[in-house]
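Have a look at query.cif below; it lists mmCIF, C-alpha atoms.
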data_upload
#
loop_
_atom_site.label_atom_id
_atom_site.label_comp_id
_atom_site.auth_asym_id
_atom_site.auth_seq_id
_atom_site.Cartn_x
_atom_site.Cartn_y
_atom_site.Cartn_z
CA MET H 1 -53.51 89.12 -32.24
CA GLY H 2 -56.65 88.34 -34.18
CA GLY H 3 -59.65 90.58 -34.63
CA GLU H 4 -62.29 91.42 -37.22
CA SER H 5 -64.78 94.19 -37.79
CA GLY H 6 -67.01 95.65 -35.11
CA ARG H 7 -64.24 96.17 -32.53
CA THR H 8 -65.32 98.46 -29.70
CA ALA H 9 -62.03 98.59 -27.79
CA ALA H 10 -58.52 99.21 -29.02
CA ALA H 11 -56.18 96.23 -29.14
CA PRO H 12 -53.07 97.02 -27.08
CA PHE H 13 -49.69 97.18 -28.72
CA ARG H 14 -47.77 93.91 -28.51
CA GLN H 15 -44.88 94.75 -30.82
CA PHE H 16 -42.56 97.70 -30.33
CA VAL H 17 -40.15 98.66 -33.09
CA ILE H 18 -37.37 100.73 -31.56
CA LYS H 19 -35.01 102.67 -33.80
CA ILE H 20 -31.48 102.29 -32.44
CA HIS H 21 -29.68 104.06 -35.29
CA SER H 22 -31.38 106.32 -37.84
CA ARG H 23 -28.77 106.00 -40.59
CA CYS H 24 -27.79 103.13 -42.90
CA ASN H 25 -24.46 102.10 -44.38
CA LEU H 26 -26.18 100.94 -47.60
CA ALA H 27 -27.92 102.95 -50.31
CA CYS H 28 -30.33 100.40 -51.77
CA SER H 29 -31.97 101.82 -54.88
CA TYR H 30 -35.49 100.88 -53.78
CA CYS H 31 -35.30 102.00 -50.14
CA TYR H 32 -38.54 103.72 -49.15
CA ILE H 33 -36.92 105.37 -46.11
CA TYR H 34 -33.87 107.10 -47.56
CA ALA H 35 -34.99 107.36 -51.20
CA GLY H 36 -38.69 107.97 -50.49
CA PRO H 37 -40.84 111.08 -50.00
CA ASP H 38 -40.44 111.27 -46.19
CA ARG H 39 -37.16 112.92 -45.24
CA SER H 40 -37.84 113.31 -41.51
CA TRP H 41 -34.97 110.92 -40.76
CA ARG H 42 -32.57 113.77 -41.55
CA ASP H 43 -33.64 115.58 -38.38
CA ARG H 44 -33.42 112.57 -36.07
CA PRO H 45 -30.41 111.76 -33.85
CA PRO H 46 -28.23 109.15 -35.57
CA LEU H 47 -27.94 107.18 -32.31
CA VAL H 48 -30.74 106.90 -29.77
CA PRO H 49 -29.76 108.75 -26.56
CA ALA H 50 -29.57 106.84 -23.28
CA ALA H 51 -32.41 108.91 -21.77
CA THR H 52 -34.69 107.89 -24.66
CA VAL H 53 -33.74 104.24 -24.13
CA ARG H 54 -34.75 104.43 -20.48
CA GLN H 55 -37.98 106.35 -21.09
CA THR H 56 -39.04 104.01 -23.90
CA ALA H 57 -38.55 101.04 -21.60
CA LEU H 58 -40.69 102.68 -18.91
CA ARG H 59 -43.49 103.44 -21.39
CA ILE H 60 -43.45 99.87 -22.71
CA ALA H 61 -43.63 98.52 -19.16
CA GLU H 62 -46.48 100.93 -18.35
CA HIS H 63 -48.43 99.63 -21.37
CA ALA H 64 -47.78 96.01 -20.43
CA ARG H 65 -48.92 96.66 -16.88
CA THR H 66 -52.06 98.56 -17.92
CA HIS H 67 -53.19 95.83 -20.31
CA ARG H 68 -51.88 92.84 -18.33
CA LEU H 69 -49.83 91.69 -21.30
CA ARG H 70 -48.14 88.35 -20.79
CA GLU H 71 -45.65 88.73 -23.63
CA ILE H 72 -44.43 91.39 -26.00
CA ARG H 73 -42.01 91.58 -28.90
CA ILE H 74 -39.26 94.17 -29.22
CA ASP H 75 -37.64 94.69 -32.64
CA LEU H 76 -34.52 96.83 -32.79
CA HIS H 77 -34.27 98.51 -36.16
CA GLY H 78 -32.61 101.32 -38.08
CA GLY H 79 -31.37 102.43 -40.44
CA GLU H 80 -28.86 99.72 -39.75
CA PRO H 81 -28.96 98.89 -36.02
CA LEU H 82 -25.53 97.22 -35.99
CA LEU H 83 -23.90 100.57 -36.78
CA THR H 84 -23.97 100.99 -32.99
CA GLY H 85 -22.19 97.74 -32.24
CA PRO H 86 -23.94 95.31 -29.88
CA GLY H 87 -23.64 97.48 -26.75
CA PRO H 88 -26.65 99.81 -27.24
CA LEU H 89 -28.83 96.87 -28.32
CA LEU H 90 -27.95 95.04 -25.10
CA ASP H 91 -28.61 98.24 -23.12
CA GLN H 92 -32.09 98.61 -24.64
CA ALA H 93 -32.93 94.98 -23.90
CA ALA H 94 -31.66 95.28 -20.32
CA ALA H 95 -33.70 98.45 -19.77
CA VAL H 96 -36.91 96.81 -21.03
CA ARG H 97 -36.36 93.62 -19.03
CA ALA H 98 -35.68 95.60 -15.85
CA ALA H 99 -38.81 97.71 -16.27
CA LEU H 100 -41.33 95.03 -17.27
CA PRO H 101 -43.74 93.70 -14.66
CA ALA H 102 -43.17 90.13 -13.53
CA HIS H 103 -46.18 88.81 -15.47
CA CYS H 104 -44.76 89.93 -18.85
CA THR H 105 -41.87 88.53 -20.87
CA ALA H 106 -40.20 90.07 -23.91
CA THR H 107 -38.60 88.53 -26.97
CA PHE H 108 -35.99 90.57 -28.84
CA GLY H 109 -35.10 90.72 -32.49
CA VAL H 110 -32.74 92.68 -34.72
CA GLN H 111 -33.26 93.27 -38.44
CA THR H 112 -29.94 93.82 -40.20
CA ASN H 113 -28.47 94.03 -43.69
CA GLY H 114 -25.76 91.72 -42.37
CA THR H 115 -22.76 93.72 -43.54
CA LEU H 116 -21.58 94.41 -39.98
CA LEU H 117 -22.35 90.99 -38.55
CA THR H 118 -19.27 89.25 -37.15
CA PRO H 119 -18.82 86.08 -35.10
CA TYR H 120 -18.42 88.23 -31.97
CA VAL H 121 -21.57 90.27 -32.63
CA THR H 122 -23.56 87.14 -33.51
CA ASP H 123 -22.44 85.26 -30.40
CA THR H 124 -22.96 88.28 -28.13
CA LEU H 125 -26.51 88.92 -29.30
CA ALA H 126 -27.43 85.24 -29.39
CA ALA H 127 -26.20 84.83 -25.81
CA ALA H 128 -28.51 87.68 -24.79
CA GLY H 129 -31.49 85.91 -26.38
CA PHE H 130 -31.75 87.98 -29.56
CA ARG H 131 -32.95 86.55 -32.84
CA LEU H 132 -31.50 88.13 -35.96
CA GLY H 133 -33.29 88.71 -39.25
CA LEU H 134 -31.36 89.28 -42.46
CA SER H 135 -32.45 91.50 -45.36
CA LEU H 136 -31.46 90.15 -48.79
CA ASP H 137 -32.81 90.18 -52.34
CA GLY H 138 -31.66 86.63 -53.02
CA GLY H 139 -28.78 84.29 -52.40
CA THR H 140 -26.40 85.33 -55.20
CA PRO H 141 -24.33 88.43 -56.03
CA ALA H 142 -26.44 89.24 -59.09
CA LEU H 143 -29.72 89.12 -57.19
CA ASN H 144 -28.35 91.62 -54.67
CA ARG H 145 -27.17 94.09 -57.28
CA ARG H 146 -29.50 96.79 -55.91
CA ARG H 147 -27.98 96.56 -52.43
CA LEU H 148 -24.89 98.80 -52.67
CA ASP H 149 -23.06 100.92 -50.15
CA HIS H 150 -22.75 104.69 -50.46
CA ALA H 151 -19.63 104.33 -52.60
CA GLY H 152 -21.45 102.03 -55.02
CA ARG H 153 -19.73 98.87 -53.80
CA PRO H 154 -21.69 95.61 -53.57
CA SER H 155 -22.85 94.50 -50.13
CA TRP H 156 -23.10 90.84 -51.08
CA PRO H 157 -19.65 89.62 -49.89
CA ALA H 158 -20.33 90.83 -46.35
CA ALA H 159 -23.99 89.79 -46.44
CA ALA H 160 -23.00 86.31 -47.62
CA ARG H 161 -20.66 85.97 -44.65
CA ALA H 162 -23.54 87.02 -42.38
CA ALA H 163 -25.80 84.39 -43.94
CA GLY H 164 -23.12 81.77 -43.25
CA LEU H 165 -22.79 82.87 -39.62
CA LEU H 166 -26.53 82.69 -39.05
CA ARG H 167 -26.78 79.35 -40.82
CA GLU H 168 -24.40 78.02 -38.15
CA ARG H 169 -26.52 79.56 -35.38
CA PRO H 170 -30.09 78.39 -36.06
CA ASP H 171 -31.02 79.31 -32.50
CA ALA H 172 -30.42 82.97 -33.41
CA PHE H 173 -31.56 82.99 -37.05
CA ALA H 174 -35.01 84.59 -37.35
CA GLY H 175 -35.25 84.48 -41.14
CA ILE H 176 -34.79 86.54 -44.29
CA LEU H 177 -36.77 89.52 -45.57
CA CYS H 178 -36.77 89.83 -49.35
CA THR H 179 -38.29 92.72 -51.30
CA LEU H 180 -39.80 91.28 -54.46
CA ASP H 181 -38.18 92.17 -57.79
CA ILE H 182 -40.18 90.93 -60.79
CA THR H 183 -37.16 91.36 -63.06
CA ALA H 184 -35.53 88.45 -61.22
CA ASP H 185 -36.34 84.80 -61.94
CA PRO H 186 -38.64 83.68 -59.09
CA ALA H 187 -37.21 80.15 -59.13
CA GLU H 188 -33.67 81.49 -58.82
CA VAL H 189 -34.63 83.85 -56.00
CA TYR H 190 -36.48 81.20 -54.01
CA GLY H 191 -33.92 78.46 -54.63
CA SER H 192 -30.96 80.64 -53.68
CA LEU H 193 -32.65 81.86 -50.49
CA ARG H 194 -33.76 78.38 -49.52
CA ALA H 195 -30.15 77.21 -49.88
CA LEU H 196 -29.22 79.56 -47.03
CA ASP H 197 -31.40 77.46 -44.66
CA PRO H 198 -33.47 80.27 -43.10
CA PRO H 199 -36.32 79.18 -40.83
CA MET H 200 -38.58 81.78 -42.43
CA LEU H 201 -38.80 83.80 -45.65
CA ASP H 202 -40.85 86.97 -45.87
CA PHE H 203 -41.43 88.23 -49.41
CA LEU H 204 -42.39 91.90 -49.38
CA LEU H 205 -44.17 93.70 -52.19
CA PRO H 206 -42.32 96.93 -53.03
CA HIS H 207 -43.85 99.81 -51.12
CA ALA H 208 -45.91 101.65 -53.73
CA ASN H 209 -49.36 103.21 -54.02
CA TRP H 210 -51.82 104.63 -56.55
CA SER H 211 -49.93 107.93 -56.74
CA SER H 212 -46.50 106.23 -56.94
CA PRO H 213 -47.21 102.95 -58.77
CA PRO H 214 -44.99 99.89 -58.36
CA PRO H 215 -42.18 99.25 -60.81
CA ALA H 216 -42.89 96.94 -63.74
CA THR H 217 -40.70 95.22 -66.28
CA PRO H 218 -41.15 96.86 -69.71
CA GLU H 219 -40.78 93.54 -71.53
CA ARG H 220 -43.25 91.67 -69.35
CA CYS H 221 -45.73 94.32 -68.26
CA PRO H 222 -45.65 97.84 -69.76
CA ARG H 223 -47.62 99.22 -66.84
CA PRO H 224 -48.27 98.09 -63.25
CA ALA H 225 -51.11 95.59 -63.10
CA PRO H 226 -53.79 97.83 -61.50
CA HIS H 227 -53.48 100.24 -64.43
CA ASP H 228 -53.21 97.53 -67.07
CA PRO H 229 -56.37 97.09 -69.18
CA ALA H 230 -55.12 93.63 -70.21
CA GLY H 231 -55.42 92.52 -66.60
CA ARG H 232 -51.83 91.37 -66.27
CA THR H 233 -50.64 90.57 -62.76
CA PRO H 234 -46.83 90.40 -62.78
CA TYR H 235 -46.42 90.44 -59.01
CA GLY H 236 -49.15 87.87 -58.49
CA ASP H 237 -47.70 85.64 -61.21
CA TRP H 238 -44.22 85.88 -59.65
CA LEU H 239 -45.56 84.91 -56.23
CA CYS H 240 -47.66 82.05 -57.66
CA THR H 241 -44.52 80.56 -59.19
CA VAL H 242 -42.74 80.73 -55.85
CA PHE H 243 -45.77 79.30 -54.05
CA ASP H 244 -45.81 76.24 -56.30
CA LEU H 245 -42.10 75.68 -55.74
CA TRP H 246 -42.63 75.96 -52.00
CA TRP H 247 -45.83 73.88 -51.89
CA ASP H 248 -44.41 71.08 -54.02
CA GLY H 249 -40.83 71.23 -52.78
CA GLY H 250 -40.99 69.30 -49.53
CA PRO H 251 -39.60 70.53 -46.19
CA GLY H 252 -38.26 74.03 -46.39
CA PRO H 253 -38.57 77.44 -44.75
CA ARG H 254 -41.86 78.88 -43.65
CA VAL H 255 -42.91 81.54 -46.17
CA ARG H 256 -44.87 84.05 -44.17
CA MET H 257 -47.13 85.43 -46.90
CA PHE H 258 -48.16 81.94 -47.97
CA THR H 259 -48.77 80.58 -44.48
CA GLU H 260 -50.78 83.68 -43.59
CA ILE H 261 -53.04 83.24 -46.64
CA LEU H 262 -53.44 79.51 -45.98
CA GLY H 263 -54.35 80.20 -42.38
CA LEU H 264 -56.93 82.82 -43.37
CA LEU H 265 -58.49 80.45 -45.91
CA LEU H 266 -58.82 77.93 -43.08
CA GLY H 267 -60.52 80.48 -40.84
CA ARG H 268 -57.63 81.59 -38.64
CA PRO H 269 -56.88 85.28 -37.95
CA SER H 270 -53.85 86.92 -39.48
CA SER H 271 -50.74 88.06 -37.64
CA SER H 272 -49.42 90.34 -40.38
CA GLU H 273 -50.30 93.88 -41.37
CA ALA H 274 -49.96 92.92 -45.05
CA ILE H 275 -52.91 90.53 -45.20
CA GLY H 276 -56.16 89.86 -43.34
CA LEU H 277 -58.26 92.00 -40.99
CA SER H 278 -56.46 91.63 -37.67
CA PRO H 279 -55.80 94.95 -35.91
CA VAL H 280 -52.36 96.49 -36.20
CA VAL H 281 -50.62 96.07 -32.83
CA ALA H 282 -47.19 97.53 -33.61
CA ALA H 283 -45.82 100.93 -32.61
CA VAL H 284 -42.53 102.54 -33.64
CA VAL H 285 -40.27 104.64 -31.43
CA ASP H 286 -37.74 106.70 -33.37
CA THR H 287 -34.31 107.79 -32.11
CA ASN H 288 -35.75 111.10 -30.88
CA GLY H 289 -38.45 109.34 -28.85
CA ALA H 290 -41.25 110.04 -31.34
CA ILE H 291 -44.05 107.45 -31.27
CA GLU H 292 -44.96 106.72 -34.86
CA GLN H 293 -46.98 104.37 -37.01
CA VAL H 294 -45.24 101.65 -38.97
CA ASP H 295 -42.45 102.74 -41.32
CA SER H 296 -44.17 101.52 -44.48
CA LEU H 297 -46.41 104.61 -44.32
CA ARG H 298 -43.35 106.76 -45.04
CA SER H 299 -43.62 105.57 -48.65
CA ALA H 300 -46.89 107.51 -49.06
CA TYR H 301 -45.95 111.10 -48.26
CA GLU H 302 -43.93 113.26 -45.87
CA GLY H 303 -45.22 112.82 -42.32
CA ALA H 304 -47.61 109.94 -43.05
CA ALA H 305 -46.24 107.88 -40.15
CA ALA H 306 -46.14 110.77 -37.67
CA THR H 307 -48.50 111.00 -34.71
CA GLY H 308 -47.20 114.10 -32.91
CA LEU H 309 -46.60 111.95 -29.82
CA ASP H 310 -43.41 111.01 -27.99
CA VAL H 311 -42.41 108.77 -25.10
CA PHE H 312 -41.54 111.72 -22.82
CA ARG H 313 -44.98 113.37 -22.90
CA HIS H 314 -47.35 110.60 -23.98
CA THR H 315 -48.29 107.02 -23.22
CA PHE H 316 -48.78 104.23 -25.71
CA ASP H 317 -52.48 104.39 -24.84
CA ASP H 318 -52.40 107.94 -26.19
CA ALA H 319 -51.05 106.46 -29.42
CA LEU H 320 -53.90 103.92 -29.55
CA ALA H 321 -56.31 106.86 -29.68
CA HIS H 322 -54.55 108.46 -32.64
CA PRO H 323 -56.90 108.50 -35.66
CA GLY H 324 -54.38 106.82 -37.96
CA ILE H 325 -53.79 103.91 -35.60
CA ALA H 326 -57.48 103.65 -34.67
CA ALA H 327 -58.38 103.40 -38.36
CA ARG H 328 -56.09 100.41 -38.74
CA GLN H 329 -57.78 98.57 -35.87
CA ARG H 330 -61.32 98.75 -37.28
CA GLY H 331 -61.17 95.60 -39.41
CA ARG H 332 -63.80 95.59 -42.15
CA ASP H 333 -65.10 99.00 -41.13
CA GLY H 334 -61.70 100.53 -41.84
CA LEU H 335 -61.77 99.49 -45.51
CA GLY H 336 -63.06 101.42 -48.51
CA ALA H 337 -66.43 100.57 -50.05
CA GLN H 338 -64.95 98.50 -52.88
CA CYS H 339 -62.99 96.29 -50.47
CA ARG H 340 -66.04 95.81 -48.21
CA ARG H 341 -67.98 94.42 -51.20
CA CYS H 342 -65.17 92.06 -52.21
CA ALA H 343 -65.53 88.29 -51.84
CA LEU H 344 -61.87 88.09 -50.82
CA MET H 345 -62.14 90.73 -48.10
CA THR H 346 -61.54 88.51 -45.06
CA VAL H 347 -58.42 87.00 -46.62
CA CYS H 348 -56.94 90.00 -48.41
CA GLY H 349 -58.01 92.55 -45.81
CA GLY H 350 -57.32 95.31 -48.31
CA GLY H 351 -53.63 94.46 -48.44
CA ASN H 352 -50.92 96.54 -46.83
CA TYR H 353 -52.36 99.84 -45.61
CA ALA H 354 -49.57 101.88 -47.20
CA HIS H 355 -50.32 100.38 -50.61
CA ARG H 356 -53.88 101.81 -50.58
CA TYR H 357 -52.88 105.45 -50.63
CA ARG H 358 -53.99 107.83 -53.37
CA ALA H 359 -53.31 111.56 -53.16
CA GLY H 360 -56.61 113.40 -52.84
CA PRO H 361 -59.86 112.97 -50.92
CA THR H 362 -59.85 109.17 -50.76
CA GLY H 363 -56.47 108.95 -48.99
CA PHE H 364 -56.10 105.36 -47.80
CA ALA H 365 -59.75 104.39 -48.48
CA ASN H 366 -58.86 102.49 -51.66
CA PRO H 367 -58.03 98.91 -52.60
CA SER H 368 -54.36 98.03 -52.61
CA VAL H 369 -52.45 99.13 -55.69
CA TYR H 370 -51.63 95.40 -55.84
CA CYS H 371 -55.33 94.42 -55.75
CA ALA H 372 -55.26 92.35 -58.95
CA ASP H 373 -51.99 90.67 -57.95
CA LEU H 374 -53.33 89.75 -54.52
CA GLU H 375 -56.49 88.30 -56.05
CA ARG H 376 -54.36 86.23 -58.42
CA LEU H 377 -52.25 84.85 -55.57
CA ILE H 378 -55.11 84.20 -53.13
CA ARG H 379 -57.20 82.36 -55.70
CA HIS H 380 -54.21 80.28 -56.76
CA ILE H 381 -53.45 79.27 -53.17
CA ALA H 382 -57.13 78.56 -52.51
CA ALA H 383 -57.28 76.30 -55.56
CA ARG H 384 -54.15 74.39 -54.50
CA LEU H 385 -55.53 74.01 -50.98
CA ASP H 386 -58.90 72.87 -52.27
CA ALA H 387 -57.24 70.19 -54.42
CA ALA H 388 -54.95 68.98 -51.64
CA VAL H 389 -57.15 68.97 -48.54
CA PRO H 390 -60.56 67.27 -48.69
CA PRO H 391 -63.31 69.60 -47.48
CA ALA H 392 -64.25 67.11 -44.75
CA ARG H 393 -60.87 67.64 -43.12
CA ARG H 394 -61.06 71.43 -42.85
CA PRO H 395 -63.55 74.11 -41.86
CA PRO H 396 -66.09 75.03 -44.55
CA GLN H 397 -64.48 77.83 -46.52
CA PRO H 398 -65.66 77.85 -50.14
CA LEU H 399 -63.48 79.27 -52.87
CA PRO H 400 -64.67 82.89 -53.21
CA GLU H 401 -66.63 83.89 -56.24
CA PRO H 402 -64.78 86.05 -58.81
CA LEU H 403 -64.65 89.76 -58.23
CA HIS H 404 -67.11 91.89 -60.16
CA ASP H 405 -65.54 95.29 -59.51
CA ALA H 406 -62.39 96.35 -61.31
CA PRO H 407 -59.82 98.23 -59.22
CA ASN H 408 -60.11 101.99 -59.24
#

Go ahead and render the structure in this file as structure tokens.
Amino acid sequence: MGGESGRTAAAPFRQFVIKIHSRCNLACSYCYIYAGPDRSWRDRPPLVPAATVRQTALRIAEHARTHRLREIRIDLHGGEPLLTGPGPLLDQAAAVRAALPAHCTATFGVQTNGTLLTPYVTDTLAAAGFRLGLSLDGGTPALNRRRLDHAGRPSWPAAARAAGLLRERPDAFAGILCTLDITADPAEVYGSLRALDPPMLDFLLPHANWSSPPPATPERCPRPAPHDPAGRTPYGDWLCTVFDLWWDGGPGPRVRMFTEILGLLLGRPSSSEAIGLSPVVAAVVDTNGAIEQVDSLRSAYEGAAATGLDVFRHTFDDALAHPGIAARQRGRDGLGAQCRRCALMTVCGGGNYAHRYRAGPTGFANPSVYCADLERLIRHIAARLDAAVPPARRPPQPLPEPLHDAPN
């Protein structure tokens, strides 16, 4: 999925995020979908209709055939996708498999909050070849205090049962997504998640931008780091602590952010939209058939993820030509001037696209609102790598010089 600047042709989509249910049974306080500025979910069907399932499968197959794709990834999302029970998920997978050309295979995943996961659901989806990802804020009740249902009840008891079920089914356990909370002890968060034996951990920076800055702890950082004249980097510091625990802790889960940065420092392309310059190759299909950009853009403003396209009237190649998607496939040329001058550009890649937004003329042509935190983390990882791996054993990749430009 790699790619850098100077691309002349669009990279085809290889990941399709299909919304199965547009509602959620939790009301997490930090949710950028249901508590964010984009309320378009209110007008979407709660459950994807059968006709949309079939048409989405045909469009995916058409794209795979046009671009001779050998493999694709299908992620079934919500809301909470298990609100449907396993049946509609199996129907979507069967429709895609039946439509795909013989030269293309698909892998299927489900991202769930775990509260509706039962032994039957786990076994049924695992038997159909699904891998299940779990969303948690840690491995204890206290760490999941922000993850409540609509009546204010904690989700942890049910989520803990789900973690136990998946721990017993490593063949079906994709990993854990964890939105970073700097008020929590990083050692406690990492240790408690590691104890659940996930194959992968993905730490996500809270979706924020220059117009809606990230939360900060009053005691530790009165203002978010990019606006802090003292240069404090609370998110970078938190992640550096976790990195050291992971790096020094022996065999454990893959931590996606860390392995992506290590790979980029060693000259490999990224496979994540949050780091590096590789083109975005994911498209979203909502329950009404709308083809949209990735959900993280919903944290910027109402309609930021919209393209005006849908699977009934448009192809995925039409989506590749959309200006928003095209901009995210341009590598270096898609970054703002400050990022293009940065010594960390090829590793950072400007950070998550949604985190660059600022209301006004610059739009997304800014550094990440987490710019200082990302620099802190990347330099820390580079220093640890430089100390651990002799230069003769890896490609020449000098530690970047310090930045000279302060974030806007």

Can you spell out as an MDAnalysis selection string the set of residues that the PyMOL selection byres ((chain H and resi 38-52) around 7) selects in the structure I just provided?
chainID H and resid 20:23 33 36:37 53:56 287:289 298:299 301:303

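You will find CA of Leu58 (chain H) at 22.6 Å from CA of Ala305 (chain H).
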
Calculate, to one decimal in Å, the centre and edge lengths of the box along x, y and z of the file that holds all listed atoms of region 70-77 of chain H with 3 Å of margin on each side, and present them as lines of an AutoDock Vina configuration file.
center_x = -41.2
center_y = 93.4
center_z = -28.5
size_x = 19.9
size_y = 16.2
size_z = 21.4

Expanded to explicit residues, what is the PyMOL selection byres ((chain H and resi 382) around 9) for this file, as a VMD selection string?
chain H and resid 261 to 262 265 377 to 381 383 to 387 398 to 400

Of the candidates H:Asp123, H:Glu375, H:Ile176, H:Val284, which one gets nearest to Ser192 (chain H) if we count all atoms listed in the file?
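Checking each of H:Asp123, H:Glu375, H:Ile176, H:Val284 against Ser192 (chain H), counting all atoms listed in the file, the winner is H:Ile176.
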
Within 8 Å of Ala187 (chain H), counting all atoms listed in the file, which residues qualify if same-chain residues fewer than 5 places away don't, as a list in words?
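My reading of the contact set: Thr241, Val242 and Leu245 of chain H.
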
Please provide as a list in words all residues within 12 Å of Asp185 (chain H), with the sequence filter that same-chain residues fewer than 6 positions apart are discarded (counting all atoms listed in the file).
Asp137, Gly138, Ala142, Leu143, Gly191, Ser192, Pro234, Tyr235, Asp237, Trp238, Leu239, Thr241 and Val242 of chain H

Could you list the residues chosen by the PyMOL selection byres ((chain H and resi 327) around 12) in this structure as a compact mmCIF listing (two decimals) with C-alpha atoms, keeping the file's coordinate frame?
# COMPACT_ATOMS: atom_id res chain seq x y z
CA SER H 5 -64.78 94.19 -37.79
CA ARG H 7 -64.24 96.17 -32.53
CA ALA H 10 -58.52 99.21 -29.02
CA ALA H 11 -56.18 96.23 -29.14
CA LEU H 277 -58.26 92.00 -40.99
CA SER H 278 -56.46 91.63 -37.67
CA PRO H 279 -55.80 94.95 -35.91
CA VAL H 280 -52.36 96.49 -36.20
CA GLN H 293 -46.98 104.37 -37.01
CA ALA H 319 -51.05 106.46 -29.42
CA LEU H 320 -53.90 103.92 -29.55
CA ALA H 321 -56.31 106.86 -29.68
CA HIS H 322 -54.55 108.46 -32.64
CA PRO H 323 -56.90 108.50 -35.66
CA GLY H 324 -54.38 106.82 -37.96
CA ILE H 325 -53.79 103.91 -35.60
CA ALA H 326 -57.48 103.65 -34.67
CA ARG H 328 -56.09 100.41 -38.74
CA GLN H 329 -57.78 98.57 -35.87
CA ARG H 330 -61.32 98.75 -37.28
CA GLY H 331 -61.17 95.60 -39.41
CA ARG H 332 -63.80 95.59 -42.15
CA ASP H 333 -65.10 99.00 -41.13
CA GLY H 334 -61.70 100.53 -41.84
CA LEU H 335 -61.77 99.49 -45.51
CA GLY H 336 -63.06 101.42 -48.51
CA TYR H 353 -52.36 99.84 -45.61
CA PHE H 364 -56.10 105.36 -47.80
CA ALA H 365 -59.75 104.39 -48.48

If you count only C-alpha atoms, which residues fall within 10 Å of region 271-274 of chain H, apart from same-chain ones fewer than 3 positions away, as a list of chain:residue names?
H:Met1, H:Gly2, H:Gly3, H:Leu204, H:Leu205, H:Arg256, H:Met257, H:Glu260, H:Gly263, H:Leu264, H:Arg268, H:Leu277, H:Ser278, H:Pro279, H:Val280, H:Val281, H:Ala282, H:Val294, H:Arg328, H:Cys348, H:Gly349, H:Gly350, H:Gly351, H:Asn352, H:Tyr353, H:Ala354, H:His355

Would you please work out which residue, of H:Lys19, H:Arg313, H:Arg232, H:Arg358, is nearest to Leu82 (chain H) when using only C-alpha atoms?
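Between H:Lys19, H:Arg313, H:Arg232, H:Arg358, the residue approaching Leu82 (chain H) most closely is H:Lys19.
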